[in-house]
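**Q** Pasting a structure below so you can have a look.
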Number of protein chains: 2
Amino acid sequence: MFPADAIARARRYVQMLPGGTGAYTNSQGIEGVREEVAAFIAARDGGVAAHASDVFLTDGASPAVQMLIRAMTRDKKDTLLIPIPQYPLYSASIALYGGSQAGYYLNEAKGWSLELPELARAYKAAKAAGQHVRGLAVINPGNPTGNCLSESNIRDVLSFASEQGLVVLADEVYQDNVWAAGKPFRSFKSVACAMGLVDPANTHANKGLQLASFHSTSKGFSGECGRRGGYVELVGFDPAVRAELYKLASVSLCANTGGQIMMGLLTNPPAPGQPSYATYASERDAILASLKRRALKLVAALNTLEGVSCQAPEGALYVFPSITLPPKAIAAAAAAGKAADALYCLELLDATGVVLVPGSGFGQADGSWHFRSTILPSEGDMDRVIGALSTFHARFLAQWR
Amino acid sequence: MFPADAIARARRYVQMLPGGTGAYTNSQGIEGVREEVAAFIAARDGGVAAHASDVFLTDGASPAVQMLIRAMTRDKKDTLLIPIPQYPLYSASIALYGGSQAGYYLNEAKGWSLELPELARAYKAAKAAGQHVRGLAVINPGNPTGNCLSESNIRDVLSFASEQGLVVLADEVYQDNVWAAGKPFRSFKSVACAMGLVDPANTHANKGLQLASFHSTSKGFSGECGRRGGYVELVGFDPAVRAELYKLASVSLCANTGGQIMMGLLTNPPAPGQPSYATYASERDAILASLKRRALKLVAALNTLEGVSCQAPEGALYVFPSITLPPKAIAAAAAAGKAADALYCLELLDATGVVLVPGSGFGQADGSWHFRSTILPSEGDMDRVIGALSTFHARFLAQWR
């Protein structure tokens, strides 16, 4: 009924869990799974060291991000640099733990690129306002923008963080979702090793950089988001800080065992030569190819709409077009206490059932409007979604012209 | 291979989850499971109303408790009354969110009972210190004490909370673990309904009490703690507050689907007449009877040890004996920067491999020492554990006499 390698894999997890999947695990996660994660990181990053003791398994990446933000926040002066637009987990968690955010704007005109002068501007402005800037969040590939950082971009960010003593939170949950040709995913850790900011033979040790990298079973080609599997790898963190993070993790006892095992499956998939490999590889390739086709199709369609301009996403699962809204619609939304892009999205939802998320939920340059769409409707549904959106869009513009 | 009712049950969950167990659910939890939980509460509490919209499914009870404490804490002045001794989730979460705790002492001499004058003393002391007392946590059956509140106790607590406008956090995760004869579990909600503080026909509405009750798949007779399934039911909460809690829950997207389904299984078990019922009932009864035997055996053994006095637990999974330690041991521990009960537990661990948790981790009256032991060693292991503890105890006393 099951291939031999799947049975062997199941046996291995059973051995890792003498109390079964129903028992609490180590608060940092099942050691055998953390070893699988460490081996994955080492292989991904060209053979640099990775230590199971630096990996925390969590209920998805969100609690891992929250744990780090919690640890970095003493009071309202403690500030995290975050991209604008950003996935609102960051702004929400900062608010929850009583810290402050300082936004650095991504450059939409250049494919939502991250530019060092803008990062430095945001940092200096926060310092000038008396804030303690403690860290820097980067989402790569980007949510909601879909941009992928070049290696030179990553070097800029890492040099800056190291010089200013900022912890880098590298949200790399879309690392398997890269659509741009010739732009392979490069992890922050691998670049930091290449720069000498991390010792590739001992990535525990601090050589002038503290880096936390997040990953998840929710994205990629598995998309097992309801299972809540995630990890954070700490690089260059002091053992005393890691011990405090362990204490934080232990407040909720442990991550769910199913999600932990799912993270093992994601990071240690069937290998060439194993009975399951052909099925695994063909499913993986088919899903990723389909997602890429959907991304390109959606972008092309959006760019035909009046007043809509969409950067081609290089990765992740989203597009984030700008939209020029009629002044009357903007005024009517303001009168109703709504952002204009929220009005647009709510009316779209009512008219078509299609859900877009207004740009105001992610942050955007003043006076600009955007929405985020996923690329997730099935290929069979995508034409219908695009048709419904196009019809609505024309009607909305005509209504408020 | 599986009984017909198990197959029907699996089909029902499949229908509840059109995206499968891998998709995100509603941030409040799967609606069908919340309906199962609501039906369970209604039946448990003698037919009072229970609303699926008041139930939040969570990754175990711990995140549910943290969510409520987060929502109740604005600043250091916001204070929660907590029992001493207490399960340290409460003190840890209060510290995490920047609030304050005020301890009310349980009365060890009366089986760790909760007494109104002591609760009122703690409340008044906090008020006198300028604190804003916002709520009151009660663990029933108690962790680490194993006490079970009588109905009149619960009435006292509820009257007091209602008069002072305190939110009651009722940690009822051990509701299936009651060992005392003639003292059936009474939920805070059922007593509040009987008192008229909650409208039994509409437990949404506020009639002068806000009550949050927590439950878990981790305890009881299922003990599926690694699966991380829990819920909180809100009673008498304003819809605007519930909406804020929904927003908090949505920061981490949703609880893991496996744990949510586990909570459905716990609250909607096989019913008499169904093919699985006989197996279910015999396993449940065997587990609970064994736990009770182990509790009684452990208490009897502890009470034979010199200087150890153990209240018989009425419920939960623990015993919490007091222990008279030799002054020399206390002085030696202090010189090493340790609590004396921590020294005792560490030496026990080194000598025998048996893990006890020092009372200082839970809080205890000044000058008293305790440890918490679970009743969870198997019946086959219990004699060995008791033997090892007894031998160690005698040697420890002789060493420090």
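So you can find residues: chains in the structure tokens are A, B, ... in the order shown, residues in each start at 1, and ligands are numbered from 1 in order.
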Which residues are close to stretch 118-130 of chain A, i.e. within 9 Å by only C-alpha atoms, leaving aside same-chain residues fewer than 3 positions away? Reply as a PyMOL selection string.
**A** chain A and resi 77+79+81+83+101-107+114-115+133+157+160
**Q** Could you give me, as an mmCIF file with N, CA, C and O atoms, in the first residue's frame, the residues within 6 Å of stretch 164-170 of chain B, counting only C-alpha atoms and dropping anything in the same chain fewer than 5 positions from it?
**A**
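This is the output file around_37.cif:
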```
data_model
loop_
_atom_site.group_PDB
_atom_site.id
_atom_site.type_symbol
_atom_site.label_atom_id
_atom_site.label_comp_id
_atom_site.auth_asym_id
_atom_site.auth_seq_id
_atom_site.Cartn_x
_atom_site.Cartn_y
_atom_site.Cartn_z
ATOM 1 N N ARG B 134 -8.030 43.452 37.344
ATOM 2 C CA ARG B 134 -8.894 43.269 36.171
ATOM 3 C C ARG B 134 -9.541 41.892 36.148
ATOM 4 O O ARG B 134 -10.555 41.710 35.497
ATOM 5 N N GLY B 135 -8.927 40.937 36.802
ATOM 6 C CA GLY B 135 -9.466 39.594 36.697
ATOM 7 C C GLY B 135 -8.899 38.687 37.757
ATOM 8 O O GLY B 135 -8.065 39.090 38.580
ATOM 9 N N LEU B 136 -9.370 37.468 37.678
ATOM 10 C CA LEU B 136 -9.167 36.489 38.731
ATOM 11 C C LEU B 136 -9.022 35.133 38.053
ATOM 12 O O LEU B 136 -9.908 34.729 37.299
ATOM 13 N N ALA B 137 -7.902 34.472 38.271
ATOM 14 C CA ALA B 137 -7.715 33.132 37.709
ATOM 15 C C ALA B 137 -7.972 32.079 38.784
ATOM 16 O O ALA B 137 -7.550 32.238 39.927
ATOM 17 N N VAL B 138 -8.710 31.049 38.394
ATOM 18 C CA VAL B 138 -8.969 29.921 39.279
ATOM 19 C C VAL B 138 -8.658 28.654 38.508
ATOM 20 O O VAL B 138 -9.039 28.529 37.344
ATOM 21 N N GLN B 210 -18.287 38.365 33.496
ATOM 22 C CA GLN B 210 -17.540 37.906 32.324
ATOM 23 C C GLN B 210 -16.690 36.722 32.764
ATOM 24 O O GLN B 210 -15.884 36.835 33.686
ATOM 25 N N LEU B 211 -16.904 35.593 32.085
ATOM 26 C CA LEU B 211 -16.268 34.337 32.468
ATOM 27 C C LEU B 211 -15.647 33.702 31.236
ATOM 28 O O LEU B 211 -16.299 33.603 30.192
ATOM 29 N N ALA B 212 -14.397 33.290 31.360
ATOM 30 C CA ALA B 212 -13.742 32.535 30.286
ATOM 31 C C ALA B 212 -13.351 31.180 30.856
ATOM 32 O O ALA B 212 -12.684 31.111 31.889
ATOM 33 N N SER B 213 -13.791 30.112 30.205
ATOM 34 C CA SER B 213 -13.486 28.758 30.679
ATOM 35 C C SER B 213 -12.610 28.041 29.665
ATOM 36 O O SER B 213 -12.892 28.045 28.467
#
```
**Q** Tell me which of B:Cys225, B:Val319, B:Ile84, B:Ala398 sits closest to chain A, counting only C-alpha atoms.
**A**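 Going through B:Cys225, B:Val319, B:Ile84, B:Ala398 one by one, the smallest distance to chain A is for B:Cys225.
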**Q** Which of these residues is nearest to A:Arg228, using only C-alpha atoms: B:Asp350, B:Glu379, B:Glu35, B:Asp59?
**A**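 Between B:Asp350, B:Glu379, B:Glu35, B:Asp59, the residue approaching A:Arg228 most closely is B:Asp59.
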**Q** Need to verify the contact set: B:Asp45, 12 Å, only C-alpha atoms, exclusion of same-chain residues closer than 4 positions in sequence. Can you return it as a PyMOL selection string?
**A** chain B and resi 38-41+49-50+184-194+200+203
**Q** Taking the backbone alone, and naming residues the way the document does, which bits of stretch 111-149 of chain B are helix (DSSP H, G or I) by DSSP, as a list in words?
**A**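 The residues of stretch 111-149 of chain B classed as helix (DSSP H, G or I) are Leu116, Pro117, Glu118, Leu119, Ala120, Arg121, Ala122, Tyr123, Lys124, Ala125, Ala126, Lys127 and Ala128 of chain B.
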**Q** Any chance you can output those residues with N, CA and C atoms as a short mmCIF file (atom, residue, chain, number, x, y, z; two decimals), in the first residue's frame?
**A**
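Below you can see selection-v3.cif, which holds the result:
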```
data_model
loop_
_atom_site.label_atom_id
_atom_site.label_comp_id
_atom_site.auth_asym_id
_atom_site.auth_seq_id
_atom_site.Cartn_x
_atom_site.Cartn_y
_atom_site.Cartn_z
N LEU B 116 -12.74 32.79 50.68
CA LEU B 116 -13.11 34.14 50.26
C LEU B 116 -12.35 35.23 51.02
N PRO B 117 -12.19 35.15 52.34
CA PRO B 117 -11.47 36.24 53.04
C PRO B 117 -10.05 36.45 52.50
N GLU B 118 -9.39 35.37 52.14
CA GLU B 118 -8.04 35.47 51.61
C GLU B 118 -8.07 36.11 50.21
N LEU B 119 -9.07 35.74 49.42
CA LEU B 119 -9.22 36.34 48.10
C LEU B 119 -9.46 37.85 48.25
N ALA B 120 -10.33 38.20 49.17
CA ALA B 120 -10.64 39.62 49.41
C ALA B 120 -9.41 40.37 49.92
N ARG B 121 -8.63 39.71 50.79
CA ARG B 121 -7.40 40.34 51.29
C ARG B 121 -6.45 40.67 50.15
N ALA B 122 -6.25 39.68 49.24
CA ALA B 122 -5.33 39.89 48.13
C ALA B 122 -5.84 41.02 47.23
N TYR B 123 -7.13 41.04 47.00
CA TYR B 123 -7.73 42.08 46.16
C TYR B 123 -7.52 43.46 46.77
N LYS B 124 -7.82 43.56 48.06
CA LYS B 124 -7.71 44.87 48.74
C LYS B 124 -6.26 45.33 48.79
N ALA B 125 -5.36 44.39 49.01
CA ALA B 125 -3.93 44.77 49.07
C ALA B 125 -3.48 45.32 47.72
N ALA B 126 -3.94 44.69 46.63
CA ALA B 126 -3.54 45.17 45.30
C ALA B 126 -4.14 46.55 45.02
N LYS B 127 -5.41 46.71 45.39
CA LYS B 127 -6.07 48.02 45.21
C LYS B 127 -5.35 49.09 46.02
N ALA B 128 -5.03 48.73 47.26
CA ALA B 128 -4.37 49.70 48.14
C ALA B 128 -3.02 50.13 47.57
#
```
**Q** Might you pull out every residue within 10 Å of stretch 296-298 of chain B, with only C-alpha atoms counted and same-chain residues fewer than 4 positions away left off, and present them as a ChimeraX atom specification?
**A** /B:179,290-292,302-303,310,312-314,318-319,373-375,379,382-383,385-386
**Q** Extract, using only C-alpha atoms, all DNA, RNA and protein residues at most 7 Å from stretch 69-71 of chain B, discarding same-chain residues fewer than 4 positions from it, and format them as number ranges by chain.
**A** B: 65, 93-94, 97
**Q** Write the residues of the preceding selection, restricted to all heavy atoms, as a short mmCIF file (atom, residue, chain, number, x, y, z; two decimals), in the first residue's frame.
**A**
```
data_model
loop_
_atom_site.label_atom_id
_atom_site.label_comp_id
_atom_site.auth_asym_id
_atom_site.auth_seq_id
_atom_site.Cartn_x
_atom_site.Cartn_y
_atom_site.Cartn_z
N VAL B 65 -5.22 30.88 27.27
CA VAL B 65 -5.00 31.65 28.49
C VAL B 65 -4.17 32.90 28.17
O VAL B 65 -4.48 34.01 28.62
CB VAL B 65 -4.29 30.78 29.56
CG1 VAL B 65 -3.80 31.63 30.73
CG2 VAL B 65 -5.21 29.67 30.05
N SER B 93 2.80 34.37 31.75
CA SER B 93 2.07 35.15 30.75
C SER B 93 1.85 36.58 31.22
O SER B 93 1.93 37.52 30.42
CB SER B 93 0.72 34.49 30.44
OG SER B 93 0.93 33.16 30.00
N ILE B 94 1.59 36.75 32.50
CA ILE B 94 1.44 38.10 33.05
C ILE B 94 2.74 38.88 32.86
O ILE B 94 2.73 40.03 32.41
CB ILE B 94 1.03 38.03 34.54
CG1 ILE B 94 -0.39 37.48 34.68
CG2 ILE B 94 1.16 39.40 35.20
CD1 ILE B 94 -0.75 37.05 36.10
N TYR B 97 3.37 39.90 29.15
CA TYR B 97 2.55 40.97 28.61
C TYR B 97 2.62 42.24 29.44
O TYR B 97 1.87 43.19 29.21
CB TYR B 97 1.10 40.50 28.41
CG TYR B 97 1.02 39.40 27.37
CD1 TYR B 97 0.56 38.14 27.69
CD2 TYR B 97 1.48 39.64 26.07
CE1 TYR B 97 0.53 37.14 26.73
CE2 TYR B 97 1.45 38.64 25.12
CZ TYR B 97 0.97 37.39 25.45
OH TYR B 97 0.96 36.40 24.50
#
```
**Q** Find the residues around stretch 389-393 of chain A up to 8 Å (only C-alpha atoms counted), leave out those fewer than 5 positions away in its own chain, and share them as a PDB file with all heavy atoms, in the first residue's frame.
**A**
```pdb
ATOM      1  N   LEU A 305      -5.808  46.376 -17.285  1.00  0.00           N
ATOM      2  CA  LEU A 305      -6.907  47.135 -16.664  1.00  0.00           C
ATOM      3  C   LEU A 305      -6.537  48.615 -16.575  1.00  0.00           C
ATOM      4  O   LEU A 305      -5.401  48.953 -16.229  1.00  0.00           O
ATOM      5  CB  LEU A 305      -7.211  46.599 -15.259  1.00  0.00           C
ATOM      6  CG  LEU A 305      -7.649  45.135 -15.148  1.00  0.00           C
ATOM      7  CD1 LEU A 305      -8.003  44.814 -13.692  1.00  0.00           C
ATOM      8  CD2 LEU A 305      -8.842  44.834 -16.059  1.00  0.00           C
ATOM      9  N   LEU A 348     -15.885  44.851  -4.640  1.00  0.00           N
ATOM     10  CA  LEU A 348     -15.546  43.688  -5.477  1.00  0.00           C
ATOM     11  C   LEU A 348     -16.066  42.399  -4.843  1.00  0.00           C
ATOM     12  O   LEU A 348     -16.659  41.543  -5.521  1.00  0.00           O
ATOM     13  CB  LEU A 348     -14.027  43.597  -5.647  1.00  0.00           C
ATOM     14  CG  LEU A 348     -13.524  42.333  -6.360  1.00  0.00           C
ATOM     15  CD1 LEU A 348     -13.840  42.392  -7.855  1.00  0.00           C
ATOM     16  CD2 LEU A 348     -12.025  42.130  -6.146  1.00  0.00           C
ATOM     17  N   ALA A 351     -19.764  42.153  -5.205  1.00  0.00           N
ATOM     18  CA  ALA A 351     -20.241  41.985  -6.582  1.00  0.00           C
ATOM     19  C   ALA A 351     -19.851  40.634  -7.168  1.00  0.00           C
ATOM     20  O   ALA A 351     -20.582  40.083  -8.006  1.00  0.00           O
ATOM     21  CB  ALA A 351     -19.679  43.116  -7.461  1.00  0.00           C
ATOM     22  N   THR A 352     -18.714  40.080  -6.746  1.00  0.00           N
ATOM     23  CA  THR A 352     -18.169  38.913  -7.469  1.00  0.00           C
ATOM     24  C   THR A 352     -17.806  37.732  -6.578  1.00  0.00           C
ATOM     25  O   THR A 352     -17.612  36.627  -7.086  1.00  0.00           O
ATOM     26  CB  THR A 352     -16.860  39.307  -8.200  1.00  0.00           C
ATOM     27  OG1 THR A 352     -15.863  39.614  -7.201  1.00  0.00           O
ATOM     28  CG2 THR A 352     -17.065  40.528  -9.096  1.00  0.00           C
ATOM     29  N   VAL A 354     -14.959  37.590  -5.232  1.00  0.00           N
ATOM     30  CA  VAL A 354     -13.490  37.537  -5.286  1.00  0.00           C
ATOM     31  C   VAL A 354     -12.917  38.363  -4.133  1.00  0.00           C
ATOM     32  O   VAL A 354     -13.335  39.503  -3.910  1.00  0.00           O
ATOM     33  CB  VAL A 354     -12.969  38.084  -6.637  1.00  0.00           C
ATOM     34  CG1 VAL A 354     -11.440  38.210  -6.622  1.00  0.00           C
ATOM     35  CG2 VAL A 354     -13.427  37.183  -7.784  1.00  0.00           C
TER      36      VAL A 354
END
```
**Q** Just need the residues of chain A within 7 Å of chain B, counting only C-alpha atoms, so spit them out as a VMD selection string.
**A** chain A and resid 21 to 25 62 to 63 89 92 97 224 to 228 251 to 252 256 to 257
**Q** Given the choices A:Ala240, A:Leu317, A:Leu325, A:Val355, which gets closest to A:Thr145 if the distance is worked out from only C-alpha atoms?
**A** A:Leu317
